[in-house]
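Structure file query36.txt (compact mmCIF, N, CA and C atoms) is printed below.
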```txt
# COMPACT_ATOMS: atom_id res chain seq x y z
N MET J 1 -100.85 -136.01 136.10
CA MET J 1 -100.07 -137.12 136.58
C MET J 1 -100.81 -137.73 137.75
N HIS J 2 -100.88 -139.03 137.78
CA HIS J 2 -101.55 -139.73 138.88
C HIS J 2 -100.67 -139.69 140.11
N SER J 3 -101.30 -139.90 141.26
CA SER J 3 -100.53 -139.91 142.49
C SER J 3 -99.74 -141.21 142.59
N LEU J 4 -98.69 -141.15 143.39
CA LEU J 4 -97.89 -142.34 143.61
C LEU J 4 -98.66 -143.31 144.50
N PRO J 5 -98.43 -144.60 144.34
CA PRO J 5 -99.13 -145.58 145.18
C PRO J 5 -98.88 -145.32 146.66
N ARG J 6 -99.92 -145.43 147.45
CA ARG J 6 -99.81 -145.14 148.88
C ARG J 6 -98.99 -146.18 149.63
N GLU J 7 -98.89 -147.38 149.09
CA GLU J 7 -98.13 -148.41 149.80
C GLU J 7 -96.62 -148.17 149.74
N ILE J 8 -96.19 -147.24 148.91
CA ILE J 8 -94.77 -146.89 148.83
C ILE J 8 -94.48 -145.84 149.90
N ASP J 9 -93.45 -146.08 150.69
CA ASP J 9 -93.06 -145.15 151.75
C ASP J 9 -92.85 -143.75 151.18
N GLN J 10 -93.19 -142.74 151.99
CA GLN J 10 -93.10 -141.36 151.52
C GLN J 10 -91.68 -140.97 151.11
N SER J 11 -90.67 -141.46 151.83
CA SER J 11 -89.30 -141.12 151.46
C SER J 11 -88.93 -141.72 150.11
N ILE J 12 -89.45 -142.91 149.80
CA ILE J 12 -89.21 -143.53 148.49
C ILE J 12 -89.96 -142.75 147.41
N GLN J 13 -91.20 -142.33 147.73
CA GLN J 13 -91.94 -141.52 146.77
C GLN J 13 -91.16 -140.27 146.41
N GLN J 14 -90.60 -139.60 147.43
CA GLN J 14 -89.83 -138.39 147.17
C GLN J 14 -88.58 -138.70 146.35
N ALA J 15 -87.93 -139.80 146.66
CA ALA J 15 -86.74 -140.20 145.90
C ALA J 15 -87.08 -140.46 144.44
N LEU J 16 -88.23 -141.09 144.18
CA LEU J 16 -88.65 -141.34 142.80
C LEU J 16 -88.91 -140.02 142.07
N LEU J 17 -89.57 -139.09 142.74
CA LEU J 17 -89.82 -137.79 142.12
C LEU J 17 -88.52 -137.02 141.91
N ASP J 18 -87.60 -137.13 142.87
CA ASP J 18 -86.29 -136.48 142.72
C ASP J 18 -85.53 -137.07 141.53
N GLU J 19 -85.60 -138.37 141.38
CA GLU J 19 -84.93 -139.02 140.24
C GLU J 19 -85.51 -138.51 138.93
N LEU J 20 -86.83 -138.43 138.85
CA LEU J 20 -87.46 -137.92 137.63
C LEU J 20 -87.03 -136.48 137.38
N ALA J 21 -87.04 -135.65 138.41
CA ALA J 21 -86.63 -134.24 138.26
C ALA J 21 -85.18 -134.16 137.79
N GLY J 22 -84.32 -134.98 138.37
CA GLY J 22 -82.91 -134.98 137.97
C GLY J 22 -82.72 -135.42 136.54
N GLN J 23 -83.43 -136.43 136.13
CA GLN J 23 -83.32 -136.92 134.75
C GLN J 23 -83.86 -135.87 133.76
N LEU J 24 -84.94 -135.19 134.15
CA LEU J 24 -85.50 -134.15 133.28
C LEU J 24 -84.57 -132.95 133.15
N ALA J 25 -83.73 -132.73 134.16
CA ALA J 25 -82.84 -131.57 134.16
C ALA J 25 -81.54 -131.80 133.39
N ILE J 26 -81.29 -133.02 132.97
CA ILE J 26 -80.06 -133.31 132.22
C ILE J 26 -80.13 -132.64 130.86
N ALA J 27 -79.15 -131.78 130.59
CA ALA J 27 -79.11 -131.06 129.31
C ALA J 27 -78.99 -132.05 128.16
N GLY J 28 -79.80 -131.87 127.16
CA GLY J 28 -79.74 -132.72 125.98
C GLY J 28 -80.53 -134.00 126.10
N LYS J 29 -81.04 -134.30 127.29
CA LYS J 29 -81.82 -135.52 127.47
C LYS J 29 -83.30 -135.16 127.36
N THR J 30 -84.02 -135.96 126.60
CA THR J 30 -85.45 -135.75 126.45
C THR J 30 -86.19 -136.96 126.96
N ILE J 31 -87.11 -136.72 127.86
CA ILE J 31 -88.01 -137.78 128.33
C ILE J 31 -89.37 -137.42 127.77
N ALA J 32 -89.79 -138.15 126.76
CA ALA J 32 -91.01 -137.82 126.04
C ALA J 32 -92.26 -138.01 126.90
N ASN J 33 -92.20 -138.93 127.85
CA ASN J 33 -93.38 -139.25 128.65
C ASN J 33 -92.99 -139.31 130.13
N PRO J 34 -92.87 -138.16 130.81
CA PRO J 34 -92.46 -138.16 132.22
C PRO J 34 -93.34 -139.04 133.13
N PRO J 35 -94.68 -139.04 132.97
CA PRO J 35 -95.47 -139.94 133.83
C PRO J 35 -95.13 -141.41 133.57
N GLY J 36 -94.87 -141.75 132.31
CA GLY J 36 -94.47 -143.12 131.99
C GLY J 36 -93.12 -143.47 132.59
N TYR J 37 -92.20 -142.50 132.58
CA TYR J 37 -90.88 -142.71 133.17
C TYR J 37 -91.02 -142.95 134.67
N LEU J 38 -91.88 -142.15 135.32
CA LEU J 38 -92.12 -142.32 136.75
C LEU J 38 -92.74 -143.69 137.02
N HIS J 39 -93.68 -144.10 136.18
CA HIS J 39 -94.29 -145.42 136.34
C HIS J 39 -93.25 -146.53 136.22
N ALA J 40 -92.31 -146.36 135.30
CA ALA J 40 -91.24 -147.35 135.15
C ALA J 40 -90.38 -147.40 136.41
N LEU J 41 -90.11 -146.24 137.01
CA LEU J 41 -89.35 -146.22 138.26
C LEU J 41 -90.10 -146.96 139.37
N ILE J 42 -91.41 -146.76 139.41
CA ILE J 42 -92.24 -147.44 140.42
C ILE J 42 -92.19 -148.95 140.22
N ARG J 43 -92.31 -149.38 138.96
CA ARG J 43 -92.24 -150.83 138.66
C ARG J 43 -90.88 -151.40 139.06
N LYS J 44 -89.80 -150.67 138.75
CA LYS J 44 -88.46 -151.15 139.11
C LYS J 44 -88.32 -151.24 140.63
N HIS J 45 -88.91 -150.29 141.35
CA HIS J 45 -88.88 -150.35 142.81
C HIS J 45 -89.62 -151.59 143.31
N ALA J 46 -90.78 -151.86 142.73
CA ALA J 46 -91.57 -153.02 143.14
C ALA J 46 -90.83 -154.33 142.88
N LEU J 47 -90.04 -154.36 141.82
CA LEU J 47 -89.28 -155.56 141.47
C LEU J 47 -87.94 -155.65 142.21
N GLY J 48 -87.57 -154.57 142.89
CA GLY J 48 -86.28 -154.55 143.59
C GLY J 48 -85.12 -154.22 142.69
N ASP J 49 -85.40 -153.70 141.50
CA ASP J 49 -84.35 -153.39 140.52
C ASP J 49 -84.09 -151.89 140.41
N LEU J 50 -84.55 -151.11 141.35
CA LEU J 50 -84.44 -149.66 141.25
C LEU J 50 -83.02 -149.18 141.52
N VAL J 51 -82.48 -148.41 140.59
CA VAL J 51 -81.18 -147.76 140.75
C VAL J 51 -81.42 -146.27 140.50
N LEU J 52 -81.13 -145.46 141.51
CA LEU J 52 -81.35 -144.02 141.40
C LEU J 52 -80.02 -143.34 141.14
N ALA J 53 -79.93 -142.65 140.01
CA ALA J 53 -78.68 -141.99 139.63
C ALA J 53 -78.66 -140.52 140.03
N MET J 54 -79.83 -139.88 140.06
CA MET J 54 -79.88 -138.43 140.27
C MET J 54 -80.59 -138.00 141.56
N ALA J 55 -81.31 -138.89 142.20
CA ALA J 55 -82.17 -138.53 143.33
C ALA J 55 -81.39 -137.88 144.47
N ASP J 56 -80.22 -138.42 144.81
CA ASP J 56 -79.44 -137.86 145.92
C ASP J 56 -78.99 -136.44 145.62
N GLN J 57 -78.58 -136.18 144.38
CA GLN J 57 -78.14 -134.83 144.00
C GLN J 57 -79.30 -133.84 144.06
N VAL J 58 -80.47 -134.25 143.59
CA VAL J 58 -81.64 -133.37 143.60
C VAL J 58 -82.05 -133.08 145.05
N ALA J 59 -82.04 -134.11 145.90
CA ALA J 59 -82.41 -133.92 147.31
C ALA J 59 -81.41 -133.01 148.01
N ALA J 60 -80.12 -133.17 147.72
CA ALA J 60 -79.09 -132.32 148.34
C ALA J 60 -79.25 -130.86 147.89
N ALA J 61 -79.55 -130.67 146.61
CA ALA J 61 -79.75 -129.31 146.10
C ALA J 61 -80.96 -128.66 146.76
N ARG J 62 -82.03 -129.44 146.95
CA ARG J 62 -83.23 -128.91 147.62
C ARG J 62 -82.91 -128.54 149.07
N SER J 63 -82.18 -129.39 149.74
CA SER J 63 -81.79 -129.13 151.13
C SER J 63 -80.93 -127.86 151.22
N ASP J 64 -80.00 -127.71 150.29
CA ASP J 64 -79.16 -126.50 150.25
C ASP J 64 -80.01 -125.25 150.03
N ARG J 65 -80.96 -125.34 149.08
CA ARG J 65 -81.83 -124.18 148.82
C ARG J 65 -82.64 -123.82 150.05
N GLN J 66 -83.17 -124.83 150.76
CA GLN J 66 -83.97 -124.57 151.96
C GLN J 66 -83.11 -123.96 153.06
N ARG J 67 -81.89 -124.47 153.22
CA ARG J 67 -80.98 -123.93 154.24
C ARG J 67 -80.59 -122.49 153.92
N HIS J 68 -80.29 -122.22 152.65
CA HIS J 68 -79.94 -120.85 152.25
C HIS J 68 -81.12 -119.91 152.42
N GLN J 69 -82.31 -120.38 152.09
CA GLN J 69 -83.50 -119.54 152.24
C GLN J 69 -83.75 -119.23 153.71
N ALA J 70 -83.57 -120.22 154.58
CA ALA J 70 -83.76 -119.99 156.01
C ALA J 70 -82.74 -118.99 156.54
N THR J 71 -81.50 -119.07 156.07
CA THR J 71 -80.46 -118.12 156.47
C THR J 71 -80.83 -116.71 155.99
N LEU J 72 -81.28 -116.61 154.76
CA LEU J 72 -81.68 -115.33 154.22
C LEU J 72 -82.87 -114.75 155.00
N ASP J 73 -83.85 -115.60 155.29
CA ASP J 73 -85.01 -115.15 156.06
C ASP J 73 -84.60 -114.63 157.43
N ARG J 74 -83.69 -115.35 158.10
CA ARG J 74 -83.23 -114.90 159.42
C ARG J 74 -82.48 -113.57 159.30
N ALA J 75 -81.69 -113.42 158.27
CA ALA J 75 -80.93 -112.18 158.09
C ALA J 75 -81.85 -110.99 157.80
N LEU J 76 -82.89 -111.24 157.03
CA LEU J 76 -83.80 -110.15 156.67
C LEU J 76 -84.84 -109.86 157.75
N ASN J 77 -85.25 -110.88 158.46
CA ASN J 77 -86.34 -110.72 159.41
C ASN J 77 -85.90 -110.75 160.87
N GLY J 78 -84.64 -110.94 161.12
CA GLY J 78 -84.17 -111.05 162.50
C GLY J 78 -84.29 -112.47 162.99
N LEU J 79 -83.66 -112.74 164.10
CA LEU J 79 -83.69 -114.07 164.68
C LEU J 79 -85.02 -114.31 165.38
N PRO J 80 -85.46 -115.57 165.49
CA PRO J 80 -86.72 -115.86 166.18
C PRO J 80 -86.66 -115.32 167.61
N GLY J 81 -87.73 -114.66 168.02
CA GLY J 81 -87.79 -114.12 169.37
C GLY J 81 -87.16 -112.75 169.51
N GLU J 82 -86.49 -112.30 168.49
CA GLU J 82 -85.83 -111.00 168.54
C GLU J 82 -86.86 -109.91 168.26
N LYS J 83 -86.83 -108.84 169.01
CA LYS J 83 -87.77 -107.75 168.84
C LYS J 83 -87.43 -106.97 167.58
N LYS J 84 -88.43 -106.78 166.72
CA LYS J 84 -88.22 -106.05 165.48
C LYS J 84 -88.39 -104.56 165.73
N PRO J 85 -87.64 -103.73 165.01
CA PRO J 85 -87.78 -102.28 165.20
C PRO J 85 -89.14 -101.81 164.68
N PRO J 86 -89.64 -100.68 165.22
CA PRO J 86 -90.90 -100.15 164.70
C PRO J 86 -90.74 -99.73 163.24
N ALA J 87 -91.83 -99.67 162.52
CA ALA J 87 -91.79 -99.34 161.09
C ALA J 87 -91.12 -97.99 160.86
N SER J 88 -91.31 -97.03 161.76
CA SER J 88 -90.73 -95.70 161.56
C SER J 88 -89.20 -95.74 161.60
N ALA J 89 -88.63 -96.72 162.27
CA ALA J 89 -87.18 -96.83 162.36
C ALA J 89 -86.55 -97.30 161.06
N THR J 90 -87.36 -97.88 160.18
CA THR J 90 -86.81 -98.40 158.93
C THR J 90 -87.02 -97.45 157.77
N GLU J 91 -87.62 -96.30 158.01
CA GLU J 91 -87.86 -95.36 156.92
C GLU J 91 -86.55 -94.73 156.45
N VAL J 92 -86.44 -94.55 155.15
CA VAL J 92 -85.27 -93.92 154.55
C VAL J 92 -85.62 -92.44 154.36
N PRO J 93 -84.71 -91.50 154.74
CA PRO J 93 -85.02 -90.08 154.66
C PRO J 93 -85.56 -89.62 153.31
N ASN J 94 -85.00 -90.11 152.23
CA ASN J 94 -85.43 -89.67 150.90
C ASN J 94 -86.56 -90.53 150.35
N GLY J 95 -87.07 -91.45 151.17
CA GLY J 95 -88.20 -92.28 150.75
C GLY J 95 -87.84 -93.35 149.74
N GLY J 96 -86.58 -93.64 149.53
CA GLY J 96 -86.18 -94.60 148.51
C GLY J 96 -86.15 -96.02 149.02
N GLY J 97 -86.35 -96.95 148.12
CA GLY J 97 -86.17 -98.36 148.43
C GLY J 97 -87.46 -99.07 148.78
N SER J 98 -87.46 -100.35 148.58
CA SER J 98 -88.60 -101.18 148.92
C SER J 98 -88.57 -101.46 150.42
N ALA J 99 -89.67 -101.98 150.92
CA ALA J 99 -89.75 -102.33 152.34
C ALA J 99 -88.69 -103.38 152.68
N THR J 100 -88.48 -104.33 151.79
CA THR J 100 -87.48 -105.37 152.03
C THR J 100 -86.09 -104.76 152.11
N ALA J 101 -85.78 -103.86 151.19
CA ALA J 101 -84.46 -103.21 151.20
C ALA J 101 -84.29 -102.37 152.46
N MET J 102 -85.33 -101.66 152.85
CA MET J 102 -85.24 -100.84 154.05
C MET J 102 -85.05 -101.70 155.29
N ASN J 103 -85.77 -102.82 155.36
CA ASN J 103 -85.60 -103.74 156.50
C ASN J 103 -84.19 -104.32 156.53
N ALA J 104 -83.67 -104.62 155.36
CA ALA J 104 -82.32 -105.17 155.29
C ALA J 104 -81.29 -104.14 155.75
N ARG J 105 -81.48 -102.88 155.34
CA ARG J 105 -80.55 -101.82 155.79
C ARG J 105 -80.63 -101.63 157.30
N GLU J 106 -81.84 -101.66 157.85
CA GLU J 106 -81.99 -101.51 159.30
C GLU J 106 -81.34 -102.69 160.03
N ARG J 107 -81.54 -103.88 159.52
CA ARG J 107 -80.93 -105.06 160.13
C ARG J 107 -79.40 -104.94 160.09
N LEU J 108 -78.88 -104.41 158.99
CA LEU J 108 -77.44 -104.20 158.86
C LEU J 108 -76.94 -103.20 159.90
N ARG J 109 -77.70 -102.13 160.10
CA ARG J 109 -77.33 -101.14 161.12
C ARG J 109 -77.29 -101.78 162.51
N GLU J 110 -78.30 -102.61 162.80
CA GLU J 110 -78.34 -103.29 164.11
C GLU J 110 -77.15 -104.22 164.28
N LEU J 111 -76.83 -104.97 163.23
CA LEU J 111 -75.70 -105.89 163.31
C LEU J 111 -74.38 -105.14 163.51
N ARG J 112 -74.24 -103.97 162.85
CA ARG J 112 -73.03 -103.16 163.04
C ARG J 112 -72.92 -102.68 164.48
N LYS J 113 -74.05 -102.24 165.04
CA LYS J 113 -74.05 -101.80 166.44
C LYS J 113 -73.65 -102.94 167.36
N GLN J 114 -74.22 -104.11 167.13
CA GLN J 114 -73.91 -105.28 167.96
C GLN J 114 -72.43 -105.64 167.82
N PHE J 115 -71.92 -105.59 166.60
CA PHE J 115 -70.53 -105.94 166.36
C PHE J 115 -69.60 -104.95 167.09
N LYS J 116 -69.91 -103.66 166.98
CA LYS J 116 -69.08 -102.65 167.66
C LYS J 116 -69.15 -102.80 169.16
N ALA J 117 -70.34 -103.06 169.70
CA ALA J 117 -70.49 -103.24 171.15
C ALA J 117 -69.74 -104.48 171.62
N GLY J 118 -69.75 -105.53 170.83
CA GLY J 118 -69.04 -106.76 171.19
C GLY J 118 -67.55 -106.60 171.12
N GLY J 119 -67.07 -105.74 170.23
CA GLY J 119 -65.62 -105.52 170.06
C GLY J 119 -65.02 -104.72 171.19
N GLN J 120 -65.85 -103.94 171.92
CA GLN J 120 -65.34 -103.10 172.99
C GLN J 120 -65.27 -103.84 174.30
N SER J 121 -65.90 -104.97 174.42
CA SER J 121 -65.95 -105.71 175.68
C SER J 121 -64.62 -106.31 176.03
```

Turn this file's structure into structure tokens for me.
Amino acid sequence: MHSLPREIDQSIQQALLDELAGQLAIAGKTIANPPGYLHALIRKHALGDLVLAMADQVAAARSDRQRHQATLDRALNGLPGEKKPPASATEVPNGGGSATAMNARERLRELRKQFKAGGQS
């Protein structure tokens, strides 16, 4: 696929790609030539006839995924600037679990301690 024309603002370029992605995701709809469909969107934009039906939904879904991923990353890795426990503190006695699971369990233990300490104040 060729790149989008540089004279089109980056936010419009993203909206055009989001529209294409949304149209491709419609169940039962077939777009035989996605690059041609994108080119048609570019032409409609140039003529001022562009109507985007799916772009906002695709952008919102992407934003939601990014927000959820950031929340998950913070929960698994701790808050920025927060001191992480040493690796030995995350070891499981029976050696079970992946490093991610062990880190998540340790983070859960820390959160429980913080919650209990906050409840006694």

Worksheet entry | Separation of atom C of J:Arg62 from atom N of J:Gly48 in Å |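 Atom C of J:Arg62 lies 27.2 Å from atom N of J:Gly48.
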
Worksheet item: atom CA of J:Leu76 and atom N of J:Ala104 are how many Å apart?
Response: 5.7 Å

Practice prompt. Find the residues around J:Gln13 up to 12 Å (only C-alpha atoms counted), leave out those fewer than 5 positions away in its own chain, and share them as a ChimeraX atom specification.
Written response: /J:3-8,18-20,38-39,41-42,45,55

Discussion item. So that I can see what lies close to J:Ala59, please list as an NGL selection string the residues with an atom at most 8 Å from it, counting all atoms listed in the file and leaving out residues fewer than 4 positions away in the same chain.
Written reply: :J and (14-15 or 18-19 or 22 or 54-55 or 63-65)

Practice prompt. Please write as a ChimeraX atom specification the list of polymer residues whose atoms come within 12 Å of (-89.7, -142.8, 133.0), counting only C-alpha atoms and keeping to the coordinates of the file.
Written response: /J:16-17,19-24,30-44,50,52

Worksheet, complete the sentence: Atom pair atom CA of J:Gln57 + atom C of J:Ala70, distance 20.7 Å

Response to the item:
For J:Gly78, the closest of J:Ala99, J:Arg107, J:Lys116, J:Ser11 counting all atoms listed in the file is J:Arg107

Fill in: Residue nearest J:Asn77 among J:Asn103, J:Val58, J:Asp9, J:Ile26 (counting only N, CA and C atoms)
J:Asn103
